[in-house]
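What's in run_24.cif: mmCIF, C-alpha atoms
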data_final
#
loop_
_atom_site.label_atom_id
_atom_site.label_comp_id
_atom_site.auth_asym_id
_atom_site.auth_seq_id
_atom_site.Cartn_x
_atom_site.Cartn_y
_atom_site.Cartn_z
CA THR S 13 86.89 56.47 136.40
CA GLU S 14 89.80 54.06 136.90
CA PRO S 15 93.40 55.14 136.20
CA GLY S 16 94.39 54.09 132.69
CA THR S 17 90.90 54.53 131.22
CA ILE S 18 90.92 55.86 127.67
CA VAL S 19 89.54 59.40 127.50
CA LEU S 20 88.92 61.54 124.42
CA VAL S 21 89.51 65.26 124.95
CA GLN S 22 89.19 68.13 122.52
CA SER S 23 92.38 69.94 121.62
CA PRO S 24 92.47 73.53 122.94
CA ASP S 25 94.22 74.65 119.76
CA ASP S 26 92.14 73.38 116.86
CA GLY S 27 89.24 71.48 118.43
CA ASP S 28 90.49 68.09 117.18
CA VAL S 29 89.88 65.07 119.38
CA LYS S 30 92.94 63.73 121.20
CA THR S 31 93.34 60.31 122.75
CA GLY S 32 94.58 60.17 126.33
CA VAL S 33 94.41 58.17 129.53
CA PHE S 34 92.93 59.16 132.85
CA VAL S 35 95.70 59.27 135.48
CA SER S 36 94.32 60.83 138.65
CA ALA S 37 92.27 63.63 140.11
CA ALA S 38 93.74 67.09 139.63
CA PRO S 39 95.03 69.12 142.58
CA GLU S 40 92.36 71.36 144.06
CA GLN S 41 94.47 74.44 143.28
CA LEU S 42 93.85 73.91 139.56
CA GLY S 43 90.11 73.47 139.48
CA GLY S 44 89.25 75.55 142.50
CA LYS S 45 87.07 74.68 145.45
CA GLY S 46 83.89 72.91 144.43
CA SER S 47 85.21 72.10 140.93
CA THR S 48 86.07 68.58 139.81
CA TYR S 49 89.09 68.39 137.52
CA PHE S 50 91.13 65.34 136.62
CA LEU S 51 94.45 64.76 134.88
CA VAL S 52 94.68 63.21 131.44
CA LEU S 53 97.93 62.37 129.64
CA THR S 54 97.63 62.52 125.84
CA ARG S 55 99.73 60.86 123.16
CA ASP S 56 101.68 64.08 122.50
CA ASN S 57 103.03 64.00 126.09
CA MET S 58 100.80 66.81 127.27
CA TRP S 59 99.04 66.86 130.64
CA HIS S 60 95.49 68.21 130.59
CA ALA S 61 93.64 69.21 133.74
CA VAL S 62 90.06 69.05 132.47
CA ASN S 63 86.49 68.80 133.65
CA GLU S 64 83.56 67.02 132.02
CA GLU S 65 82.95 69.92 129.59
CA HIS S 66 86.32 69.28 127.90
CA VAL S 67 85.82 65.51 127.56
CA TRP S 68 84.52 64.14 124.28
CA ALA S 69 84.01 60.62 125.59
CA VAL S 70 85.15 58.10 128.19
CA LEU S 71 85.89 54.71 126.59
CA ALA S 72 85.92 52.37 129.57
CA ASP S 73 85.48 49.30 127.33
CA ILE S 74 88.85 49.80 125.63
CA PRO S 75 91.71 48.02 127.47
CA ASN S 76 94.25 50.12 129.36
CA PRO S 77 97.14 50.72 126.92
CA LEU S 78 99.68 51.57 129.63
CA ASP S 79 101.88 49.13 131.44
CA PRO S 80 100.82 49.17 135.12
CA ASP S 81 104.38 49.91 136.21
CA ALA S 82 104.60 52.83 133.76
CA LEU S 83 101.30 54.18 135.06
CA ARG S 84 102.44 53.97 138.67
CA ALA S 85 105.78 55.57 137.80
CA LEU S 86 104.13 58.71 136.42
CA SER S 87 104.75 61.86 138.42
CA THR S 88 102.31 64.64 137.69
CA PRO S 89 103.71 68.12 137.06
CA ALA S 90 103.71 70.69 139.83
CA VAL S 91 100.74 73.02 139.96
CA GLU S 92 102.99 75.93 138.93
CA ALA S 93 103.85 74.12 135.66
CA PHE S 94 100.27 74.26 134.40
CA SER S 95 99.04 77.10 132.20
CA ARG S 96 95.43 78.18 132.29
CA LEU S 97 93.71 78.38 128.90
CA PRO S 98 90.70 80.54 127.88
CA ASP S 99 88.35 77.54 127.98
CA LEU S 100 89.16 77.04 131.70
CA ARG S 101 91.36 73.99 131.22
CA PHE S 102 95.01 73.70 132.29
CA THR S 103 97.88 72.15 130.34
CA ALA S 104 101.51 71.28 131.08
CA LEU S 105 104.29 69.60 129.12
CA GLY S 106 105.23 66.13 130.33
CA ASP S 107 108.69 64.87 131.30
CA GLU S 108 110.77 61.92 130.11
CA LYS S 109 108.82 59.39 132.20
CA SER S 110 105.47 60.58 130.90
CA ALA S 111 106.89 60.53 127.35
CA LEU S 112 107.61 56.80 127.73
CA ALA S 113 104.01 56.26 128.79
CA ALA S 114 102.56 58.55 126.11
CA VAL S 115 104.07 56.55 123.24
CA GLN S 116 102.08 53.53 124.45
CA ILE S 117 98.82 55.40 123.88
CA GLU S 118 97.36 54.60 120.47
CA ASP S 119 94.95 56.92 118.68
CA VAL S 120 91.38 55.72 118.82
CA PRO S 121 90.07 54.78 115.33
CA GLU S 122 88.12 57.47 113.53
CA GLN S 123 84.95 55.39 113.42
CA VAL S 124 85.00 55.09 117.23
CA ILE S 125 85.33 58.87 117.57
CA ILE S 126 82.47 59.40 115.13
CA ALA S 127 80.29 56.98 117.10
CA GLN S 128 80.88 59.07 120.22
CA ARG S 129 79.71 62.34 118.70
CA PRO S 130 76.88 64.04 120.59
CA PRO S 131 73.58 64.32 118.68
CA GLU S 132 73.85 68.11 118.40
CA VAL S 133 77.31 67.77 116.80
CA GLU S 134 75.98 65.26 114.32
CA ALA S 135 73.08 67.56 113.46
CA GLN S 136 75.41 70.52 112.91
CA LEU S 137 77.80 68.47 110.76
CA SER S 138 74.85 67.30 108.70
CA ARG S 139 73.70 70.88 108.14
CA VAL S 140 77.21 71.92 107.11
CA ALA S 141 77.45 69.00 104.68
CA ASN S 142 74.09 69.92 103.13
CA VAL S 143 75.13 73.56 102.67
CA GLU S 144 78.42 72.49 101.07
CA SER S 145 76.53 70.19 98.70
CA GLU S 146 74.18 73.01 97.72
CA LEU S 147 77.12 75.33 97.08
CA GLU S 148 78.87 72.77 94.88
CA ALA S 149 75.63 72.15 92.95
CA HIS S 150 75.06 75.87 92.33
CA PRO S 151 75.70 76.92 88.68
CA VAL S 152 78.05 79.68 89.78
CA HIS S 153 80.36 77.13 91.41
CA SER S 154 81.29 75.74 87.98
CA LEU S 155 82.20 79.10 86.46
CA PRO S 156 85.94 79.61 85.89
CA ASP S 157 85.80 83.35 86.70
CA ARG S 158 83.53 83.20 89.76
CA ASN S 159 85.96 85.40 91.72
CA LYS S 160 85.32 88.22 89.24
CA LEU S 161 81.63 87.56 89.51
CA LEU S 162 81.80 87.86 93.29
CA ALA S 163 83.75 91.11 92.97
CA ARG S 164 81.11 92.51 90.61
CA ARG S 165 78.35 91.43 92.98
CA ALA S 166 80.10 93.22 95.80
CA ARG S 167 80.40 96.35 93.63
CA MET S 168 76.72 96.10 92.71
CA PHE S 169 75.85 95.94 96.40
CA GLU S 170 77.92 99.08 97.03
CA LEU S 171 76.12 100.92 94.23
CA GLU S 172 72.72 99.82 95.51
CA THR S 173 73.62 101.09 98.97
CA GLU S 174 74.78 104.43 97.57
CA LEU S 175 71.65 104.77 95.42
CA SER S 176 69.44 104.02 98.42
CA ARG S 177 71.26 106.66 100.45
CA LYS S 178 70.82 109.27 97.70
CA LYS S 179 67.11 108.47 97.45
CA ARG S 180 66.73 109.02 101.18
CA MET S 181 68.56 112.36 100.90
CA GLU S 182 66.72 113.54 97.77
CA PRO S 183 63.63 115.10 99.45
CA LYS S 184 65.81 116.95 101.92
CA SER S 185 68.22 118.22 99.28
CA GLN S 186 65.36 119.33 97.02
CA GLY S 187 63.87 121.33 99.88
CA ILE S 188 67.19 123.08 100.55
CA TRP S 189 67.63 123.88 96.85
CA GLN S 190 64.09 125.25 96.56
CA GLU S 191 64.69 127.46 99.59
CA PHE S 192 67.83 128.81 97.92
CA LEU S 193 65.91 129.59 94.72
CA ASP S 194 63.17 131.37 96.69
CA VAL S 195 65.72 133.59 98.47
CA ALA S 196 67.48 134.33 95.17
CA ASP S 197 64.14 135.33 93.63
CA ILE S 198 63.47 137.84 96.44
CA LEU S 199 66.97 139.31 96.13
CA GLN S 200 66.52 139.70 92.38
CA LYS S 201 63.22 141.54 92.87
CA PHE S 202 64.89 144.05 95.22
CA GLY S 203 67.85 144.57 92.89
CA CYS S 204 70.41 142.75 95.02
CA LEU S 205 71.14 140.10 92.37
CA SER S 206 71.58 140.30 88.64
CA GLU S 207 70.63 136.74 87.77
CA TYR S 208 72.95 135.16 90.34
CA THR S 209 75.63 137.85 90.52
CA PRO S 210 75.55 140.34 93.46
CA THR S 211 74.91 143.98 92.50
CA PRO S 212 76.33 146.96 94.46
CA MET S 213 73.05 147.01 96.35
CA GLY S 214 73.45 143.31 97.14
CA GLU S 215 77.03 143.78 98.31
CA ALA S 216 75.92 146.60 100.59
CA CYS S 217 73.19 144.41 102.12
CA ALA S 218 75.70 141.58 102.57
CA ALA S 219 77.96 143.90 104.57
CA VAL S 220 75.18 144.68 107.06
CA ARG S 221 75.00 142.66 110.28
CA ALA S 222 71.45 142.85 111.61
CA GLU S 223 68.31 140.78 112.14
CA ASN S 224 66.99 141.67 108.67
CA GLU S 225 69.92 142.66 106.46
CA LEU S 226 67.81 143.18 103.33
CA TRP S 227 65.33 145.51 105.05
CA LEU S 228 68.08 147.56 106.70
CA GLY S 229 70.17 147.72 103.51
CA ILE S 230 67.24 148.96 101.40
CA ASN S 231 66.50 151.75 103.88
CA ILE S 232 70.13 152.85 104.14
CA ALA S 233 70.47 152.93 100.34
CA SER S 234 67.31 155.04 99.95
CA ASP S 235 67.19 158.88 100.35
CA VAL S 236 64.66 158.73 103.16
CA PHE S 237 67.26 159.55 105.82
CA ASN S 238 69.15 162.22 103.90
CA HIS S 239 67.54 165.13 105.84
CA LEU S 240 68.24 163.67 109.30
CA GLU S 241 70.89 164.94 111.67
CA PRO S 242 73.42 162.31 112.92
CA PRO S 243 71.66 161.73 116.28
CA GLN S 244 68.36 161.34 114.46
CA LEU S 245 69.90 158.96 111.92
CA ALA S 246 71.37 156.86 114.70
CA ALA S 247 68.00 156.66 116.41
CA ALA S 248 66.23 155.67 113.21
CA LEU S 249 68.78 152.96 112.37
CA SER S 250 68.60 151.62 115.92
CA ALA S 251 64.87 151.24 115.49
CA LEU S 252 65.38 149.35 112.23
CA VAL S 253 68.05 147.08 113.75
CA ALA S 254 65.75 146.26 116.65
CA ASP S 255 62.98 145.19 114.27
CA ILE S 256 62.49 141.42 114.54
CA SER S 257 61.93 139.37 111.40
CA ARG S 258 58.39 138.09 110.96
CA HIS S 259 57.16 135.19 108.90
CA ASP S 260 55.05 137.60 106.80
#
Can you dump the structure from the file as structure tokens?
Amino acid sequence: TEPGTIVLVQSPDDGDVKTGVFVSAAPEQLGGKGSTYFLVLTRDNMWHAVNEEHVWAVLADIPNPLDPDALRALSTPAVEAFSRLPDLRFTALGDEKSALAAVQIEDVPEQVIIAQRPPEVEAQLSRVANVESELEAHPVHSLPDRNKLLARRARMFELETELSRKKRMEPKSQGIWQEFLDVADILQKFGCLSEYTPTPMGEACAAVRAENELWLGINIASDVFNHLEPPQLAAALSALVADISRHD
């Protein structure tokens, strides 16, 4: 590429296409060994050290807009003046001499930029335009209170999610509740609950800490052990405490 050739580069800020001129190859310190970077001066007096990935198009058929003397008089910024951007390009602000050259650069007409679009960009823009057309043609788009409608739709989605979660939890919660009712039924049969209120017998069983509190509490409350001496009572209770619960 000859110095002064018009080059279109994408702006690192908003992705817009900027018109610039190729000035020279970039110092190796910017691109790194094995990388090819070159310097482009854009109309806003910014220096861009870019590679081919950052270039939208090279317009060699457009005449050089810079005066040859102005082009030769340009002094590129020092390497330290360039800032590295996330997209691996480097930029630096120009000086007064480059500003005089930059004002001579005219923006390329929009139709020329459009003609230089890659096919994949054109395809994506076409898809976006089609989606926008479909959105504008949708009946909801003409409603004056569509924001309220969107809010209600979002609320409906929240309720559907909550209802789905409750349905998933329902079998598990029903099983836990049924287990509670079964235990309450057993406690009622042994006189530990009056409906769902603990009786003195139930409170005594609740105070016991053993493998089978109900079994131990019933035995303690009975008169079976009344005739035993303390050592005998301790031995009997130890045997009951050591009894392991069985599924039957």
Using all atoms listed in the file, find each residue in range 37-148 of chain S having at least one atom no more than 10 Å away from range 14-17 of chain S; report its shortest atom-to-atom pair and that distance in Å (one decimal), rows by chain then rising number, as a tab-separated table.
residue	atom	partner	partner_atom	distance
S:Ala37	CA	S:Pro15	CA	9.4
S:Leu51	CA	S:Pro15	CA	9.8
S:Val52	CA	S:Gly16	CA	9.2
S:Leu53	CA	S:Gly16	CA	9.5
S:Val70	CA	S:Thr17	CA	7.4
S:Leu71	CA	S:Thr17	CA	6.8
S:Ala72	CA	S:Thr17	CA	5.7
S:Asp73	CA	S:Thr17	CA	8.5
S:Ile74	CA	S:Thr17	CA	7.6
S:Pro75	CA	S:Thr17	CA	7.6
S:Asn76	CA	S:Gly16	CA	5.2
S:Pro77	CA	S:Gly16	CA	7.2
S:Leu78	CA	S:Gly16	CA	6.6
S:Asp79	CA	S:Gly16	CA	9.1
S:Pro80	CA	S:Gly16	CA	8.5
S:Leu83	CA	S:Gly16	CA	7.3
S:Arg84	CA	S:Pro15	CA	9.4
S:Ile117	CA	S:Gly16	CA	9.9
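Residues captured in this structure file are Val19, Leu20, Val67, Trp68, Val70, Leu71 and Gln128 of chain S, according to the PyMOL selection byres ((chain S and resi 69) around 7).
Here the PyMOL selection byres ((chain S and resi 215) around 12) matches the residues Leu199, Gly203, Cys204, Leu205, Ser206, Thr209, Pro210, Thr211, Pro212, Met213, Gly214, Ala216, Cys217, Ala218, Ala219, Val220, Glu225, Leu226, Gly229, Ile230 and Ala233 of chain S.
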Please identify all polymer residues lying at most 12 Å from the point (107.0, 57.5, 124.3) (file coordinates), using only C-alpha atoms, and present the result as a PDB file with C-alpha atoms, keeping the file's coordinate frame.
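Done, and the output landed in selection_20.pdb:
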ATOM      1  CA  LEU S  53      97.930  62.370 129.640  1.00  0.00           C
ATOM      2  CA  THR S  54      97.630  62.520 125.840  1.00  0.00           C
ATOM      3  CA  ARG S  55      99.730  60.860 123.160  1.00  0.00           C
ATOM      4  CA  ASP S  56     101.680  64.080 122.500  1.00  0.00           C
ATOM      5  CA  ASN S  57     103.030  64.000 126.090  1.00  0.00           C
ATOM      6  CA  MET S  58     100.800  66.810 127.270  1.00  0.00           C
ATOM      7  CA  LEU S  78      99.680  51.570 129.630  1.00  0.00           C
ATOM      8  CA  ALA S  82     104.600  52.830 133.760  1.00  0.00           C
ATOM      9  CA  GLY S 106     105.230  66.130 130.330  1.00  0.00           C
ATOM     10  CA  ASP S 107     108.690  64.870 131.300  1.00  0.00           C
ATOM     11  CA  GLU S 108     110.770  61.920 130.110  1.00  0.00           C
ATOM     12  CA  LYS S 109     108.820  59.390 132.200  1.00  0.00           C
ATOM     13  CA  SER S 110     105.470  60.580 130.900  1.00  0.00           C
ATOM     14  CA  ALA S 111     106.890  60.530 127.350  1.00  0.00           C
ATOM     15  CA  LEU S 112     107.610  56.800 127.730  1.00  0.00           C
ATOM     16  CA  ALA S 113     104.010  56.260 128.790  1.00  0.00           C
ATOM     17  CA  ALA S 114     102.560  58.550 126.110  1.00  0.00           C
ATOM     18  CA  VAL S 115     104.070  56.550 123.240  1.00  0.00           C
ATOM     19  CA  GLN S 116     102.080  53.530 124.450  1.00  0.00           C
ATOM     20  CA  ILE S 117      98.820  55.400 123.880  1.00  0.00           C
ATOM     21  CA  GLU S 118      97.360  54.600 120.470  1.00  0.00           C
TER      22      GLU S 118
END
Name all residues at most 6 Å from Phe102 in chain S (count all atoms listed in the file; drop same-chain ones fewer than 6 positions away) and give them as a list of chain:residue names.
S:His60, S:Ala61, S:Phe94, S:Ser95, S:Arg96
What would range 51-63 of chain S look like with N, CA, C and O atoms in place, written as a compact mmCIF listing (two decimals), in the frame of the given file?
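Result went into out-v3.txt, see below:
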# COMPACT_ATOMS: atom_id res chain seq x y z
N LEU S 51 93.27 64.68 135.75
CA LEU S 51 94.45 64.76 134.88
C LEU S 51 94.40 63.68 133.81
O LEU S 51 94.15 62.50 134.10
N VAL S 52 94.65 64.11 132.59
CA VAL S 52 94.68 63.21 131.44
C VAL S 52 96.01 63.42 130.73
O VAL S 52 96.42 64.56 130.47
N LEU S 53 96.69 62.33 130.42
CA LEU S 53 97.93 62.37 129.64
C LEU S 53 97.62 61.96 128.22
O LEU S 53 97.09 60.88 127.99
N THR S 54 97.91 62.82 127.24
CA THR S 54 97.63 62.52 125.84
C THR S 54 98.88 62.02 125.12
O THR S 54 100.00 62.13 125.63
N ARG S 55 98.67 61.52 123.93
CA ARG S 55 99.73 60.86 123.16
C ARG S 55 100.88 61.81 122.86
O ARG S 55 102.02 61.37 122.67
N ASP S 56 100.62 63.11 122.80
CA ASP S 56 101.68 64.08 122.50
C ASP S 56 102.44 64.52 123.74
O ASP S 56 103.11 65.55 123.74
N ASN S 57 102.32 63.73 124.83
CA ASN S 57 103.03 64.00 126.09
C ASN S 57 102.61 65.33 126.70
O ASN S 57 103.45 66.08 127.21
N MET S 58 101.34 65.62 126.64
CA MET S 58 100.80 66.81 127.27
C MET S 58 99.85 66.40 128.38
O MET S 58 99.03 65.48 128.22
N TRP S 59 99.97 67.06 129.53
CA TRP S 59 99.04 66.86 130.64
C TRP S 59 97.89 67.86 130.51
O TRP S 59 98.12 69.06 130.29
N HIS S 60 96.68 67.36 130.66
CA HIS S 60 95.49 68.21 130.59
C HIS S 60 94.73 68.07 131.91
O HIS S 60 94.37 66.95 132.30
N ALA S 61 94.52 69.18 132.58
CA ALA S 61 93.64 69.21 133.74
C ALA S 61 92.28 69.68 133.24
O ALA S 61 92.11 70.86 132.89
N VAL S 62 91.32 68.76 133.14
CA VAL S 62 90.06 69.05 132.47
C VAL S 62 88.89 68.67 133.37
O VAL S 62 89.03 67.91 134.33
N ASN S 63 87.73 69.24 133.01
CA ASN S 63 86.49 68.80 133.65
C ASN S 63 85.62 68.13 132.58
O ASN S 63 86.06 67.95 131.44
